[in-house]
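Trainee: coords14.txt is the file, holding compact mmCIF, C-alpha atoms:
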# COMPACT_ATOMS: atom_id res chain seq x y z
CA MET X 175 3.12 -2.60 4.50
CA ASN X 176 1.27 0.43 3.08
CA GLU X 177 4.53 1.99 1.90
CA GLU X 178 5.53 -1.26 0.27
CA LEU X 179 2.23 -1.48 -1.57
CA THR X 180 2.53 2.13 -2.70
CA LEU X 181 6.03 1.47 -4.05
CA LEU X 182 4.81 -1.62 -5.86
CA GLU X 183 1.91 0.24 -7.42
CA LEU X 184 4.19 3.06 -8.54
CA THR X 185 6.79 0.72 -10.01
CA ASP X 186 4.08 -1.17 -11.80
CA ARG X 187 2.99 2.05 -13.48
CA LEU X 188 6.53 3.09 -14.41
CA LEU X 189 7.20 -0.27 -16.02
CA GLN X 190 3.88 -1.18 -17.55
CA ARG X 191 2.14 2.07 -18.41
CA GLY X 192 3.02 5.33 -20.08
CA VAL X 193 3.38 6.02 -23.79
CA VAL X 194 4.95 3.14 -25.68
CA LEU X 195 7.27 4.28 -28.44
CA THR X 196 7.87 1.72 -31.10
CA GLY X 197 10.38 1.69 -33.89
CA GLU X 198 13.97 2.14 -32.85
CA ALA X 199 13.16 2.49 -29.18
CA THR X 200 14.26 -0.28 -26.87
CA ILE X 201 13.26 -0.98 -23.31
CA SER X 202 16.01 -2.34 -21.17
CA VAL X 203 16.25 -2.66 -17.41
CA ALA X 204 18.23 -4.64 -14.90
CA GLY X 205 15.71 -7.46 -14.81
CA VAL X 206 15.83 -9.01 -11.40
CA ASP X 207 15.63 -5.91 -9.24
CA LEU X 208 12.72 -4.29 -11.09
CA ILE X 209 10.79 -7.43 -11.84
CA TYR X 210 10.97 -8.31 -8.18
CA LEU X 211 9.14 -5.09 -7.47
CA GLY X 212 6.38 -5.80 -9.98
CA LEU X 213 2.87 -5.93 -8.58
CA ASN X 214 2.46 -9.48 -9.82
CA LEU X 215 4.99 -10.61 -7.27
CA ILE X 216 3.54 -8.64 -4.44
CA LEU X 217 2.79 -11.88 -2.64
CA THR X 218 6.48 -12.33 -1.97
CA ALA X 219 6.82 -8.89 -0.47
CA VAL X 220 3.69 -9.17 1.65
CA GLU X 221 4.65 -12.56 3.00
CA THR X 222 8.10 -11.33 3.91
CA LEU X 223 6.64 -8.38 5.76
CA GLU X 224 4.14 -10.51 7.60
CA GLU X 225 6.85 -12.96 8.56
CA LYS X 226 8.92 -10.09 9.97
CA LYS X 227 5.90 -8.86 11.88
CA ARG X 228 5.29 -12.32 13.34
CA ARG X 229 8.93 -12.60 14.41
CA SER X 230 8.94 -9.22 16.08
CA ALA X 231 5.63 -9.88 17.90
CA MET M 41 25.29 8.14 -26.79
CA LYS M 42 21.75 6.92 -26.29
CA LEU M 43 18.83 8.88 -24.93
CA LEU M 44 16.52 7.79 -22.15
CA VAL M 45 13.06 9.17 -22.90
CA HIS M 46 10.95 10.54 -20.03
CA ALA M 47 7.97 12.40 -21.40
CA ILE M 48 6.25 14.03 -24.37
CA ALA M 49 5.05 17.62 -24.15
CA ARG M 50 3.80 20.39 -26.38
CA ARG M 51 6.55 22.86 -25.48
CA PRO M 52 9.66 23.02 -23.28
CA CYS M 53 9.36 24.57 -19.83
CA ALA M 54 11.58 27.40 -18.62
CA GLU M 55 13.34 25.66 -15.77
CA PRO M 56 13.36 21.92 -16.36
CA PRO M 57 14.44 19.62 -13.53
CA ALA M 58 17.74 17.77 -13.58
CA GLY M 59 17.78 14.66 -15.74
CA LEU M 60 18.61 11.11 -14.74
CA ARG M 61 21.49 10.78 -12.28
CA GLY M 62 21.85 14.57 -12.20
CA SER M 63 22.52 14.95 -15.94
CA THR M 64 21.09 17.80 -17.98
CA LEU M 65 17.67 17.11 -19.43
CA GLU M 66 17.39 17.55 -23.19
CA TRP M 67 14.40 18.86 -25.17
CA ILE M 68 13.99 17.35 -28.62
CA ALA M 69 11.51 19.22 -30.81
CA ALA M 70 9.42 16.98 -33.05
CA GLY M 71 6.88 18.89 -35.12
CA GLU M 72 4.09 20.23 -32.93
CA LEU M 73 5.35 18.27 -29.94
CA GLY M 74 8.64 17.43 -28.30
CA ILE M 75 10.40 14.86 -26.13
CA TRP M 76 12.18 15.21 -22.81
CA ALA M 77 15.15 12.87 -22.53
CA THR M 78 18.41 12.33 -20.68
CA PRO M 79 21.56 11.57 -22.71
CA LEU M 80 23.08 8.36 -21.40
CA PRO M 81 26.86 8.19 -21.83
CA GLU M 82 28.25 5.08 -23.51
CA GLY M 83 28.89 2.39 -20.97
CA THR M 84 26.06 3.47 -18.69
CA ALA M 85 25.28 0.57 -16.41
CA GLU M 86 21.89 -1.09 -16.71
CA LEU M 87 18.99 0.93 -15.41
CA ASP M 88 17.74 -0.16 -12.02
CA ARG M 89 15.16 0.62 -9.37
CA ASP M 90 16.77 3.91 -8.33
CA ASP M 91 16.73 5.01 -11.96
CA ALA M 92 13.04 4.13 -12.20
CA LEU M 93 12.29 6.31 -9.19
CA ASP M 94 14.50 9.07 -10.62
CA HIS M 95 12.48 8.87 -13.85
CA HIS M 96 9.34 9.28 -11.72
CA ARG M 97 10.85 12.37 -10.06
CA ILE M 98 11.62 13.88 -13.47
CA VAL M 99 8.14 13.17 -14.89
CA GLU M 100 6.50 14.57 -11.75
CA ALA M 101 8.55 17.76 -11.94
CA LEU M 102 7.83 18.17 -15.65
CA ALA M 103 4.10 17.56 -15.12
CA ASP M 104 4.09 20.26 -12.42
CA ARG M 105 5.42 22.76 -14.96
CA GLU M 106 3.65 21.80 -18.18
CA ALA M 107 1.19 19.13 -19.34
CA CYS M 108 3.13 16.06 -20.39
CA LEU M 109 2.64 12.40 -21.22
CA PRO M 110 4.89 10.03 -19.28
CA VAL M 111 6.76 7.55 -21.48
CA ARG M 112 7.23 4.00 -20.25
CA PHE M 113 10.35 3.79 -18.11
CA ALA M 114 13.55 2.48 -19.69
CA THR M 115 12.65 3.52 -23.25
CA ARG M 116 15.92 4.31 -25.01
CA VAL M 117 16.48 5.71 -28.48
CA PRO M 118 19.75 5.89 -30.42
CA ASP M 119 19.77 9.69 -30.94
CA ALA M 120 17.65 12.85 -31.13
CA THR M 121 16.83 12.52 -34.82
CA ARG M 122 15.48 9.05 -34.41
CA ALA M 123 13.64 10.02 -31.22
CA ALA M 124 11.74 12.70 -33.11
CA VAL M 125 10.83 10.25 -35.88
CA LEU M 126 9.09 8.01 -33.35
CA ILE M 127 6.30 10.48 -32.67
CA VAL M 128 5.85 11.70 -36.24
CA GLY M 129 2.49 10.48 -37.43
CA ARG M 130 1.18 10.21 -33.86
CA GLU M 131 0.77 13.95 -33.20
CA ALA M 132 -3.04 13.92 -33.29
CA GLU M 133 -3.32 10.98 -30.88
CA LEU M 134 -0.68 12.36 -28.50
CA SER M 135 -2.04 15.93 -28.62
CA SER M 136 -5.49 14.64 -27.77
CA ALA M 137 -4.09 12.71 -24.79
CA LEU M 138 -2.19 15.81 -23.68
CA VAL M 139 -5.38 17.87 -23.66
CA ARG M 140 -7.13 15.16 -21.68
CA VAL M 141 -4.53 14.90 -18.89
CA ALA M 142 -3.47 18.56 -18.65
CA GLY M 143 -3.19 19.51 -14.99
CA ARG M 144 -4.52 16.14 -13.88
CA ARG M 145 -3.02 13.46 -11.64
CA GLU M 146 -4.01 9.90 -10.90
CA ILE M 147 -4.43 8.18 -7.57
CA ALA M 148 -4.12 4.45 -6.94
CA VAL M 149 -6.54 2.36 -4.89
CA THR M 150 -5.32 -1.11 -3.95
CA LEU M 151 -7.69 -3.56 -2.28
CA VAL M 152 -5.99 -6.52 -0.60
CA TRP M 153 -7.63 -9.76 0.49
CA PRO M 154 -7.14 -9.92 4.26
CA GLU M 155 -6.66 -13.62 4.80
CA ALA M 156 -3.67 -15.81 3.96
CA ALA M 157 -2.83 -16.12 0.28
CA VAL M 158 -4.45 -19.54 -0.10
CA ILE M 159 -7.60 -19.33 -2.19
CA PRO M 160 -10.55 -21.15 -0.60
CA GLY M 161 -10.85 -24.53 -2.27
CA ARG M 162 -7.20 -24.68 -3.26
CA GLY M 163 -5.81 -28.00 -2.12
CA HIS M 164 -9.32 -29.39 -1.80
CA ARG M 165 -9.43 -33.20 -1.78
CA VAL M 166 -12.44 -35.48 -2.31
CA GLN M 167 -12.99 -38.78 -0.57
CA GLY M 168 -13.15 -41.85 -2.79
CA GLY M 169 -12.36 -42.18 -6.48
CA GLY M 170 -8.91 -42.45 -8.00
CA PRO M 171 -6.15 -39.85 -8.17
CA GLY M 172 -7.53 -38.57 -11.51
CA THR M 173 -10.95 -37.89 -10.00
CA ALA M 174 -9.40 -36.18 -7.00
CA TYR M 175 -7.22 -34.03 -9.23
CA LEU M 176 -10.13 -32.94 -11.41
CA ALA M 177 -12.32 -32.21 -8.40
CA ALA M 178 -9.57 -30.12 -6.84
CA ARG M 179 -9.09 -28.19 -10.09
CA GLN M 180 -12.82 -27.58 -10.27
CA HIS M 181 -12.79 -26.12 -6.76
CA GLU M 182 -9.85 -23.91 -7.61
CA HIS M 183 -11.57 -22.55 -10.69
CA ALA M 184 -14.77 -21.93 -8.75
CA ALA M 185 -12.82 -20.08 -6.07
CA ASP M 186 -10.97 -18.00 -8.67
CA ASP M 187 -14.25 -17.13 -10.38
CA ALA M 188 -15.81 -16.10 -7.09
CA ARG M 189 -12.86 -13.85 -6.26
CA ARG M 190 -12.94 -12.27 -9.67
CA LYS M 191 -16.66 -11.63 -9.36
CA THR M 192 -16.10 -9.99 -5.96
CA ALA M 193 -13.30 -7.87 -7.44
CA GLU M 194 -15.54 -6.76 -10.29
CA ASP M 195 -18.28 -5.83 -7.82
CA LEU M 196 -15.77 -3.83 -5.78
CA ALA M 197 -14.62 -2.02 -8.92
CA ARG M 198 -18.18 -1.03 -9.84
CA ARG M 199 -18.86 0.04 -6.27
CA LEU M 200 -15.72 2.17 -6.20
CA GLU M 201 -16.74 3.94 -9.41
CA THR M 202 -20.22 4.61 -8.04
CA ASP M 203 -19.06 5.74 -4.60
CA LEU M 204 -16.45 8.08 -6.05
CA ALA M 205 -18.83 9.27 -8.78
CA VAL M 206 -16.12 9.17 -11.43
CA GLU M 207 -16.56 8.68 -15.15
CA GLN M 208 -15.65 5.27 -16.51
CA ALA M 209 -13.11 6.84 -18.86
CA ASP M 210 -11.27 8.18 -15.81
CA VAL M 211 -10.84 4.79 -14.16
CA TRP M 212 -8.53 1.91 -14.97
CA HIS M 213 -8.99 -1.36 -13.08
CA VAL M 214 -6.84 -4.46 -12.91
CA MET M 215 -8.77 -7.29 -11.23
CA CYS M 216 -6.92 -9.88 -9.15
CA PRO M 217 -3.39 -9.11 -10.40
CA SER M 218 -2.09 -11.59 -7.81
CA ASP M 219 -3.49 -14.02 -5.24
CA ARG M 220 -3.32 -11.35 -2.55
CA ILE M 221 -4.63 -8.37 -4.47
CA ALA M 222 -8.34 -8.06 -5.21
CA LEU M 223 -8.18 -4.87 -7.19
CA SER M 224 -5.62 -2.37 -8.39
CA SER M 225 -7.34 0.78 -9.64
CA SER M 226 -6.11 4.04 -11.11
CA ILE M 227 -8.41 7.03 -10.95
CA LEU M 228 -7.76 10.21 -12.90
CA ALA M 229 -8.65 13.23 -10.77
CA ARG M 230 -10.01 16.44 -12.22
CA ALA M 231 -7.46 19.27 -12.37
CA GLY M 232 -6.71 20.56 -8.90
CA GLU M 233 -8.82 17.90 -7.17
CA ASP M 234 -6.29 15.11 -6.70
CA GLU M 235 -5.83 15.60 -2.96
CA SER M 236 -9.56 15.91 -2.30
CA LEU M 237 -10.21 12.81 -4.43
CA LYS M 238 -7.58 10.93 -2.46
CA ALA M 239 -9.12 12.00 0.86
CA ARG M 240 -12.56 10.94 -0.37
CA ALA M 241 -11.21 7.59 -1.61
CA ILE M 242 -9.54 6.89 1.74
CA GLU M 243 -12.78 7.58 3.58
CA ILE M 244 -14.89 5.49 1.19
CA VAL M 245 -12.73 2.38 0.91
CA SER M 246 -12.11 2.24 4.65
CA GLY M 247 -15.74 1.14 4.86
CA TYR M 248 -15.35 -1.76 2.42
CA GLU M 249 -15.71 -5.08 4.19
CA GLY M 250 -13.65 -8.14 3.34
CA VAL M 251 -10.67 -6.23 1.98
CA ARG M 252 -7.93 -3.95 3.28
CA ALA M 253 -7.37 -0.76 1.30
CA VAL M 254 -4.34 1.36 0.50
CA VAL M 255 -4.70 4.65 -1.38
CA SER M 256 -1.57 6.09 -3.02
CA GLY M 257 -0.54 9.06 -5.14
CA PRO M 258 -1.27 11.52 -6.56
CA TRP M 259 1.07 10.68 -9.42
CA PRO M 260 1.45 11.83 -13.02
CA PRO M 261 -1.24 10.24 -15.20
CA TYR M 262 0.76 7.10 -16.11
CA SER M 263 -2.38 5.04 -16.71
CA PHE M 264 -4.15 7.57 -18.92
CA VAL M 265 -1.75 8.38 -21.73
CA GLY M 266 -3.98 6.96 -24.43
CA ALA M 267 -6.63 9.15 -26.05
CA ARG M 268 -9.98 7.65 -25.01
As structure tokens, please, write out the structure in this file.

Mentor:
Amino acid sequence: MNEELTLLELTDRLLQRGVVLTGEATISVAGVDLIYLGLNLILTAVETLEEKKRRSA
Amino acid sequence: MKLLVHAIARRPCAEPPAGLRGSTLEWIAAGELGIWATPLPEGTAELDRDDALDHHRIVEALADREACLPVRFATRVPDATRAAVLIVGREAELSSALVRVAGRREIAVTLVWPEAAVIPGRGHRVQGGGPGTAYLAARQHEHAADDARRKTAEDLARRLETDLAVEQADVWHVMCPSDRIALSSSILARAGEDESLKARAIEIVSGYEGVRAVVSGPWPPYSFVGAR
């Protein structure tokens, strides 16, 4: 759970912060995989983890 | 061949790390500053999560060697000439940011609501009245619950700043980024104090009631690249 949160926080920074270069620069990523990791969708990840925990209990 | 940009620095370092996917990292001089980038061969598949983490590895290694400003992941430019043009005219702003973050790292503090994701009041139903009344009453409860959570998150943010005794310019908060997260904060540590700040943050937030805390980092100063 903590590791997952850390990864989400890091990915959020890589994708949403840092210097933005405008002009001829383009930002392009494989959407689904990275967006899934975005902090905004953390709920999905947390619920999945909690479900796994419940099942293994 | 396009270039994937990683960071902006004042000068190249002697032994740069490997670039993305093991390629050679390229230094592109641009006036008083320069850009670190990896040449991406034509036909390179879309960038994915592993590439994002590889970009993080590169920025971290560069920041260990020389002050640098991380560039948002997945920024591509057509070639070196056009890469250099992108920072022309921004030297003063970028140089000022470089001075500010030199030798500094950020840590992340995430405060998570402990209970299930349902916000109190969500799904609330009133007795009597028609469906329109019930709908409006439920919406009112939801808004009130959202406002209360936001207020709590703001209080936690202020408390964190006070407890850690950090300057406001060195803190970046995002309140309630999702139903489960109360607060996502970035705190810029003073040079050489990132690990001690992290230890202090862990100790402090473990005493916060009503939320569960995770402290991460230190990382390059992704959240503090603007001159403030």

Trainee: Mind listing as a ChimeraX atom specification which residues of chain M are within 8 Å of chain X, counting all atoms listed in the file?

Mentor: /M:86-89,92-93,96,109-118,122-123,126-127,148,150,157,217-220,254-257,262-266

Trainee: CA of Arg198 (chain M) to CA of Arg230 (chain M): how many Å, to one decimal?

Mentor: 19.4 Å

Trainee: Rounded to one decimal, what separation in Å do you get between CA of Val99 (chain M) and CA of Cys53 (chain M)?

Mentor: 12.5 Å

Trainee: So the first atom is CA of Glu100 (chain M) and the second is CA of Trp259 (chain M); what is the distance between them in Å, to one decimal place?

Mentor: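 Pair CA of Glu100 (chain M) / CA of Trp259 (chain M) returns 7.1 Å.
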
Trainee: Within 8 Å of (-12.4, -4.4, -6.0) (coordinates as in the file), grab all the protein and nucleic acid residues, counting all atoms listed in the file, and write them out as a compact mmCIF listing (two decimals) with C-alpha atoms, in the frame of the given file.

Mentor:
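Result saved to result.txt:
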# COMPACT_ATOMS: atom_id res chain seq x y z
CA LEU M 151 -7.69 -3.56 -2.28
CA THR M 192 -16.10 -9.99 -5.96
CA ALA M 193 -13.30 -7.87 -7.44
CA GLU M 194 -15.54 -6.76 -10.29
CA ASP M 195 -18.28 -5.83 -7.82
CA LEU M 196 -15.77 -3.83 -5.78
CA ALA M 197 -14.62 -2.02 -8.92
CA ARG M 198 -18.18 -1.03 -9.84
CA ARG M 199 -18.86 0.04 -6.27
CA LEU M 200 -15.72 2.17 -6.20
CA MET M 215 -8.77 -7.29 -11.23
CA ALA M 222 -8.34 -8.06 -5.21
CA LEU M 223 -8.18 -4.87 -7.19
CA SER M 224 -5.62 -2.37 -8.39
